[in-house]
file work.txt (compact mmCIF, C-alpha atoms)
# COMPACT_ATOMS: atom_id res chain seq x y z
CA MET A 1471 30.40 -18.67 36.48
CA PHE A 1472 26.67 -18.94 37.11
CA HIS A 1473 24.11 -17.09 34.98
CA PHE A 1474 20.40 -17.08 35.74
CA GLY A 1475 18.40 -18.98 33.15
CA HIS A 1476 21.34 -21.16 32.12
CA PRO A 1477 22.66 -24.45 33.47
CA ALA A 1478 25.35 -24.13 36.13
CA THR A 1479 28.05 -25.36 33.74
CA TRP A 1480 27.39 -22.68 31.10
CA SER A 1481 29.74 -19.74 30.77
CA PRO A 1482 30.11 -17.28 27.91
CA LYS A 1483 32.78 -17.95 25.32
CA ARG A 1484 35.87 -15.93 26.08
CA GLN A 1485 37.23 -13.86 23.24
CA CYS A 1486 40.87 -12.82 23.37
CA SER A 1487 43.01 -10.66 21.17
CA GLU A 1488 45.97 -12.10 19.31
CA VAL A 1489 48.35 -10.17 21.59
CA VAL A 1490 49.41 -11.86 24.82
CA VAL A 1491 50.31 -10.21 28.12
CA GLU A 1492 53.96 -11.25 27.84
CA ASP A 1493 54.43 -9.21 24.63
CA CYS A 1494 53.09 -5.91 26.01
CA ALA A 1495 54.67 -2.93 27.73
CA ARG A 1496 53.78 -3.24 31.41
CA ILE A 1497 53.33 -0.61 34.11
CA THR A 1498 53.12 -1.87 37.68
CA ALA A 1499 51.88 -0.24 40.85
CA LYS A 1500 55.42 -0.27 42.25
CA ASP A 1501 56.93 1.82 39.41
CA ALA A 1502 58.37 5.12 40.64
CA VAL A 1503 57.12 7.27 37.75
CA LEU A 1504 53.69 6.79 36.21
CA PRO A 1505 52.56 8.08 32.81
CA ASP A 1506 49.94 10.82 32.53
CA GLY A 1507 46.37 9.70 33.20
CA VAL A 1508 47.37 6.78 35.45
CA GLU A 1509 46.45 7.16 39.12
CA ARG A 1510 48.02 5.21 42.00
CA VAL A 1511 45.58 4.12 44.74
CA ILE A 1512 46.24 2.30 48.01
CA LEU A 1513 43.76 -0.49 48.77
CA ARG A 1514 43.44 -2.87 51.65
CA VAL A 1515 43.85 -6.50 50.60
CA GLY A 1516 43.14 -8.66 53.64
CA ALA A 1517 45.20 -7.16 56.45
CA ILE A 1518 47.74 -5.48 54.13
CA TRP A 1519 47.57 -2.12 52.36
CA GLN A 1520 48.85 -2.48 48.78
CA PRO A 1521 49.46 0.01 45.96
CA HIS A 1522 47.26 -0.47 42.88
CA LEU A 1523 46.73 1.44 39.65
CA ARG A 1524 43.37 2.73 38.49
CA CYS A 1525 42.60 1.71 34.91
CA PRO A 1526 41.95 4.87 32.88
CA ARG A 1527 39.40 3.08 30.69
CA CYS A 1528 37.19 1.12 33.15
CA GLY A 1529 38.25 2.60 36.51
CA SER A 1530 39.04 -0.74 38.18
CA ALA A 1531 42.00 -1.13 40.53
CA ARG A 1532 44.75 -3.33 39.08
CA LEU A 1533 48.29 -4.33 40.01
CA ALA A 1534 49.48 -3.79 36.44
CA LEU A 1535 48.37 -1.92 33.33
CA PHE A 1536 49.41 -2.71 29.76
CA ALA A 1537 50.03 -0.87 26.50
CA PRO A 1538 49.99 -3.40 23.65
CA GLN A 1539 51.70 -2.21 20.47
CA ALA A 1540 52.16 1.30 21.92
CA SER A 1541 48.40 1.87 22.20
CA GLU A 1542 46.63 3.47 25.13
CA ILE A 1543 47.32 2.22 28.65
CA ALA A 1544 44.57 0.06 30.14
CA CYS A 1545 44.07 -3.11 32.16
CA ARG A 1546 44.28 -6.65 30.80
CA ARG A 1547 40.51 -7.01 30.54
CA CYS A 1548 40.00 -3.74 28.65
CA HIS A 1549 42.62 -4.77 26.06
CA ARG A 1550 41.29 -8.37 26.10
CA LEU A 1551 44.79 -9.70 26.67
CA ASP A 1552 45.42 -13.30 27.56
CA TYR A 1553 48.31 -15.37 28.86
CA ARG A 1554 50.40 -17.42 26.44
CA SER A 1555 50.24 -20.48 28.70
CA ARG A 1556 46.48 -20.80 28.11
CA HIS A 1557 47.10 -21.44 24.41
CA GLU A 1558 50.31 -23.49 24.43
CA HIS A 1559 48.70 -26.91 23.96
CA ARG A 1560 45.98 -25.74 21.55
CA ASP A 1561 47.84 -27.28 18.62
CA PRO A 1562 46.72 -30.93 18.65
CA VAL A 1563 50.08 -32.21 17.37
CA THR A 1564 51.93 -30.42 20.19
CA LYS A 1565 49.40 -31.62 22.74
CA ALA A 1566 49.69 -35.22 21.51
CA ALA A 1567 53.49 -35.07 21.76
CA TRP A 1568 53.25 -33.64 25.28
CA LEU A 1569 50.77 -36.35 26.37
CA ARG A 1570 52.99 -39.07 24.89
CA GLN A 1571 55.90 -37.65 26.89
CA GLN A 1572 53.77 -37.76 30.06
CA LEU A 1573 52.96 -41.41 29.40
CA GLY A 1574 56.56 -42.31 28.59
CA ALA A 1575 55.52 -43.42 25.10
CA PRO A 1576 57.65 -43.00 21.96
CA ALA A 1577 56.97 -39.94 19.83
CA GLY A 1578 54.79 -40.23 16.74
CA ILE A 1579 51.08 -40.50 16.16
CA GLY A 1580 49.93 -44.10 16.47
CA ALA A 1581 53.15 -45.37 18.11
CA PRO A 1582 52.63 -48.11 20.71
CA LEU A 1583 51.86 -47.09 24.28
CA PRO A 1584 53.67 -48.43 27.36
CA PRO A 1585 51.97 -51.24 29.33
CA ARG A 1586 49.23 -50.32 31.79
CA PRO A 1587 50.45 -49.83 35.38
CA ALA A 1588 49.31 -52.15 38.17
CA ASN A 1589 48.94 -49.44 40.80
CA ARG A 1590 45.34 -48.10 40.97
CA ARG A 1591 46.34 -44.47 41.28
CA GLU A 1592 48.79 -44.66 38.39
CA LEU A 1593 46.21 -46.61 36.38
CA ARG A 1594 43.63 -43.81 36.76
CA ARG A 1595 46.19 -41.25 35.59
CA TYR A 1596 47.24 -43.52 32.71
CA ASN A 1597 43.62 -44.01 31.56
CA LYS A 1598 42.94 -40.27 31.72
CA LEU A 1599 46.07 -39.47 29.69
CA VAL A 1600 45.29 -42.19 27.11
CA LEU A 1601 41.79 -40.77 26.61
CA GLN A 1602 43.19 -37.26 26.15
CA LEU A 1603 45.85 -38.65 23.79
CA ALA A 1604 43.24 -40.38 21.64
CA GLN A 1605 41.28 -37.13 21.32
CA ALA A 1606 44.41 -35.08 20.55
CA GLU A 1607 45.68 -37.55 17.95
CA SER A 1608 42.27 -37.64 16.29
CA LEU A 1609 42.27 -33.83 16.04
CA ALA A 1610 45.88 -33.89 14.80
CA LEU A 1611 44.99 -36.32 12.01
CA LYS A 1612 42.03 -34.13 11.02
CA ALA A 1613 44.32 -31.08 10.93
CA VAL A 1614 46.83 -32.93 8.73
CA ARG A 1615 44.01 -34.06 6.42
CA HIS A 1616 42.78 -30.47 6.04
CA MET A 1617 46.32 -29.29 5.36
CA VAL A 1618 46.84 -31.91 2.64
CA GLN A 1619 43.48 -31.03 1.07
CA GLY A 1620 44.51 -27.36 1.02
CA VAL A 1621 47.81 -28.20 -0.66
CA ASP A 1622 45.96 -30.32 -3.25
CA ARG A 1623 43.50 -27.47 -3.96
CA HIS A 1624 46.41 -25.06 -4.38
CA ALA A 1625 48.24 -27.44 -6.73
CA ARG A 1626 45.10 -27.94 -8.87
CA SER A 1627 44.47 -24.17 -9.10
CA GLU A 1628 48.12 -23.62 -10.13
CA GLU A 1629 47.76 -26.28 -12.83
CA ARG A 1630 44.60 -24.60 -14.14
CA ARG A 1631 46.33 -21.21 -14.11
CA ARG A 1632 49.33 -22.54 -16.02
CA ALA A 1633 47.10 -24.38 -18.53
CA GLY A 1634 45.16 -21.17 -19.13
CA ALA A 1635 48.39 -19.22 -19.62
CA ARG A 1636 49.64 -21.81 -22.19
CA GLU A 1637 46.37 -21.62 -24.14
CA ARG A 1638 46.50 -17.82 -24.28
CA GLY A 1639 50.23 -17.66 -25.07

call {"tool": "encode", "arguments": {"input": "work.txt", "output": "structure tokens"}}
result
Amino acid sequence: MFHFGHPATWSPKRQCSEVVVEDCARITAKDAVLPDGVERVILRVGAIWQPHLRCPRCGSARLALFAPQASEIACRRCHRLDYRSRHEHRDPVTKAAWLRQQLGAPAGIGAPLPPRPANRRELRRYNKLVLQLAQAESLALKAVRHMVQGVDRHARSEERRRAGARERG
């Protein structure tokens, strides 16, 4: 997405709700009965006329409208819904395991990698996956470190709470 005054690679940060499209009630343009306030429109897409639904909130034509958690019916953009698949490999541990599987390497952070392939094409893919794996494993180790620090903080606060209760009692 290009914005004047910004480099060509810049795009605004996308904010999504916690609810994903797959978890919402869905109304499509092909449904026989539509709820009140939802209008069916016929639009030309290329050489074909297709039924669409008009979003009651923004007025755009959409193939489907959603009602997350039984709220009002609107399009995906109005509800700021996102697809689950865009967030599947956000967890660095899961991503590292998936990348290790792609490489044919044994599971476990820091486990040895298979030998480099001789074929140029396979070598490029291997190098790309190894770089991604190194980044994912680094993030995974940072996440584990933060988790351990949180557990330590919790344990120390519990000790202080118990010590204070013994002194009072």

call {"tool": "atom_distance", "arguments": {"input": "work.txt", "atom1": "CA of Cys1525 (chain A)", "atom2": "CA of Arg1554 (chain A)"}}
result
22.3 Å

call {"tool": "residues_around", "arguments": {"input": "work.txt", "residues": "region 1491-1507 of chain A", "least_positions_apart": "6", "cutoff": "8 Å", "atoms": "all atoms listed in the file", "output": "list in words"}}
result
Pro1521, His1522, Leu1523, Pro1526, Arg1532, Leu1533, Ala1534, Leu1535, Phe1536, Ala1537, Pro1538, Gln1539, Ala1540, Arg1546, Leu1551, Asp1552, Tyr1553 and Arg1554 of chain A

call {"tool": "write_last_selection", "arguments": {"input": "work.txt", "atoms": "C-alpha atoms", "output": "PDB file, keeping the file's coordinate frame"}}
result
ATOM      1  CA  PRO A1521      49.460   0.010  45.960  1.00  0.00           C
ATOM      2  CA  HIS A1522      47.260  -0.470  42.880  1.00  0.00           C
ATOM      3  CA  LEU A1523      46.730   1.440  39.650  1.00  0.00           C
ATOM      4  CA  PRO A1526      41.950   4.870  32.880  1.00  0.00           C
ATOM      5  CA  ARG A1532      44.750  -3.330  39.080  1.00  0.00           C
ATOM      6  CA  LEU A1533      48.290  -4.330  40.010  1.00  0.00           C
ATOM      7  CA  ALA A1534      49.480  -3.790  36.440  1.00  0.00           C
ATOM      8  CA  LEU A1535      48.370  -1.920  33.330  1.00  0.00           C
ATOM      9  CA  PHE A1536      49.410  -2.710  29.760  1.00  0.00           C
ATOM     10  CA  ALA A1537      50.030  -0.870  26.500  1.00  0.00           C
ATOM     11  CA  PRO A1538      49.990  -3.400  23.650  1.00  0.00           C
ATOM     12  CA  GLN A1539      51.700  -2.210  20.470  1.00  0.00           C
ATOM     13  CA  ALA A1540      52.160   1.300  21.920  1.00  0.00           C
ATOM     14  CA  ARG A1546      44.280  -6.650  30.800  1.00  0.00           C
ATOM     15  CA  LEU A1551      44.790  -9.700  26.670  1.00  0.00           C
ATOM     16  CA  ASP A1552      45.420 -13.300  27.560  1.00  0.00           C
ATOM     17  CA  TYR A1553      48.310 -15.370  28.860  1.00  0.00           C
ATOM     18  CA  ARG A1554      50.400 -17.420  26.440  1.00  0.00           C
TER      19      ARG A1554
END

call {"tool": "closest_residue", "arguments": {"input": "work.txt", "among": "A:Arg1547, A:Gly1529, A:Arg1595, A:Leu1609", "to": "Thr1564 (chain A)", "atoms": "only C-alpha atoms"}}
result
A:Leu1609

call {"tool": "closest_residue", "arguments": {"input": "work.txt", "among": "A:Val1618, A:Cys1545, A:Ala1604, A:Val1563", "to": "Leu1583 (chain A)", "atoms": "all atoms listed in the file"}}
result
A:Ala1604

call {"tool": "decode", "arguments": {"input": "work.txt", "residues": "region 1607-1618 of chain A", "atoms": "N, CA, C and O atoms", "output": "JSON list (two decimals), in the first residue's frame"}}
result
[["chain", "number", "residue", "atom", "x", "y", "z"],
["A", 1607, "GLU", "N", 13.90, -19.39, 16.83],
["A", 1607, "GLU", "CA", 14.44, -19.99, 18.04],
["A", 1607, "GLU", "C", 14.96, -18.93, 19.00],
["A", 1607, "GLU", "O", 14.84, -19.07, 20.21],
["A", 1608, "SER", "N", 15.52, -17.85, 18.47],
["A", 1608, "SER", "CA", 15.95, -16.75, 19.32],
["A", 1608, "SER", "C", 14.76, -16.14, 20.05],
["A", 1608, "SER", "O", 14.81, -15.90, 21.26],
["A", 1609, "LEU", "N", 13.68, -15.89, 19.33],
["A", 1609, "LEU", "CA", 12.46, -15.35, 19.95],
["A", 1609, "LEU", "C", 11.87, -16.34, 20.95],
["A", 1609, "LEU", "O", 11.36, -15.94, 22.00],
["A", 1610, "ALA", "N", 11.92, -17.63, 20.62],
["A", 1610, "ALA", "CA", 11.39, -18.65, 21.54],
["A", 1610, "ALA", "C", 12.18, -18.67, 22.84],
["A", 1610, "ALA", "O", 11.59, -18.76, 23.93],
["A", 1611, "LEU", "N", 13.50, -18.56, 22.75],
["A", 1611, "LEU", "CA", 14.32, -18.54, 23.96],
["A", 1611, "LEU", "C", 14.04, -17.30, 24.80],
["A", 1611, "LEU", "O", 14.00, -17.36, 26.03],
["A", 1612, "LYS", "N", 13.82, -16.16, 24.13],
["A", 1612, "LYS", "CA", 13.47, -14.94, 24.87],
["A", 1612, "LYS", "C", 12.12, -15.10, 25.57],
["A", 1612, "LYS", "O", 11.96, -14.69, 26.72],
["A", 1613, "ALA", "N", 11.16, -15.73, 24.88],
["A", 1613, "ALA", "CA", 9.84, -15.95, 25.49],
["A", 1613, "ALA", "C", 9.95, -16.86, 26.70],
["A", 1613, "ALA", "O", 9.32, -16.61, 27.74],
["A", 1614, "VAL", "N", 10.76, -17.91, 26.61],
["A", 1614, "VAL", "CA", 10.94, -18.82, 27.74],
["A", 1614, "VAL", "C", 11.62, -18.09, 28.89],
["A", 1614, "VAL", "O", 11.24, -18.25, 30.06],
["A", 1615, "ARG", "N", 12.62, -17.25, 28.59],
["A", 1615, "ARG", "CA", 13.30, -16.48, 29.62],
["A", 1615, "ARG", "C", 12.31, -15.56, 30.35],
["A", 1615, "ARG", "O", 12.31, -15.51, 31.59],
["A", 1616, "HIS", "N", 11.45, -14.87, 29.61],
["A", 1616, "HIS", "CA", 10.46, -14.00, 30.23],
["A", 1616, "HIS", "C", 9.48, -14.79, 31.09],
["A", 1616, "HIS", "O", 9.07, -14.34, 32.16],
["A", 1617, "MET", "N", 9.11, -15.98, 30.62],
["A", 1617, "MET", "CA", 8.19, -16.81, 31.38],
["A", 1617, "MET", "C", 8.84, -17.25, 32.70],
["A", 1617, "MET", "O", 8.22, -17.16, 33.76],
["A", 1618, "VAL", "N", 10.08, -17.67, 32.65],
["A", 1618, "VAL", "CA", 10.79, -18.10, 33.86],
["A", 1618, "VAL", "C", 10.95, -16.92, 34.82],
["A", 1618, "VAL", "O", 10.76, -17.08, 36.04]]
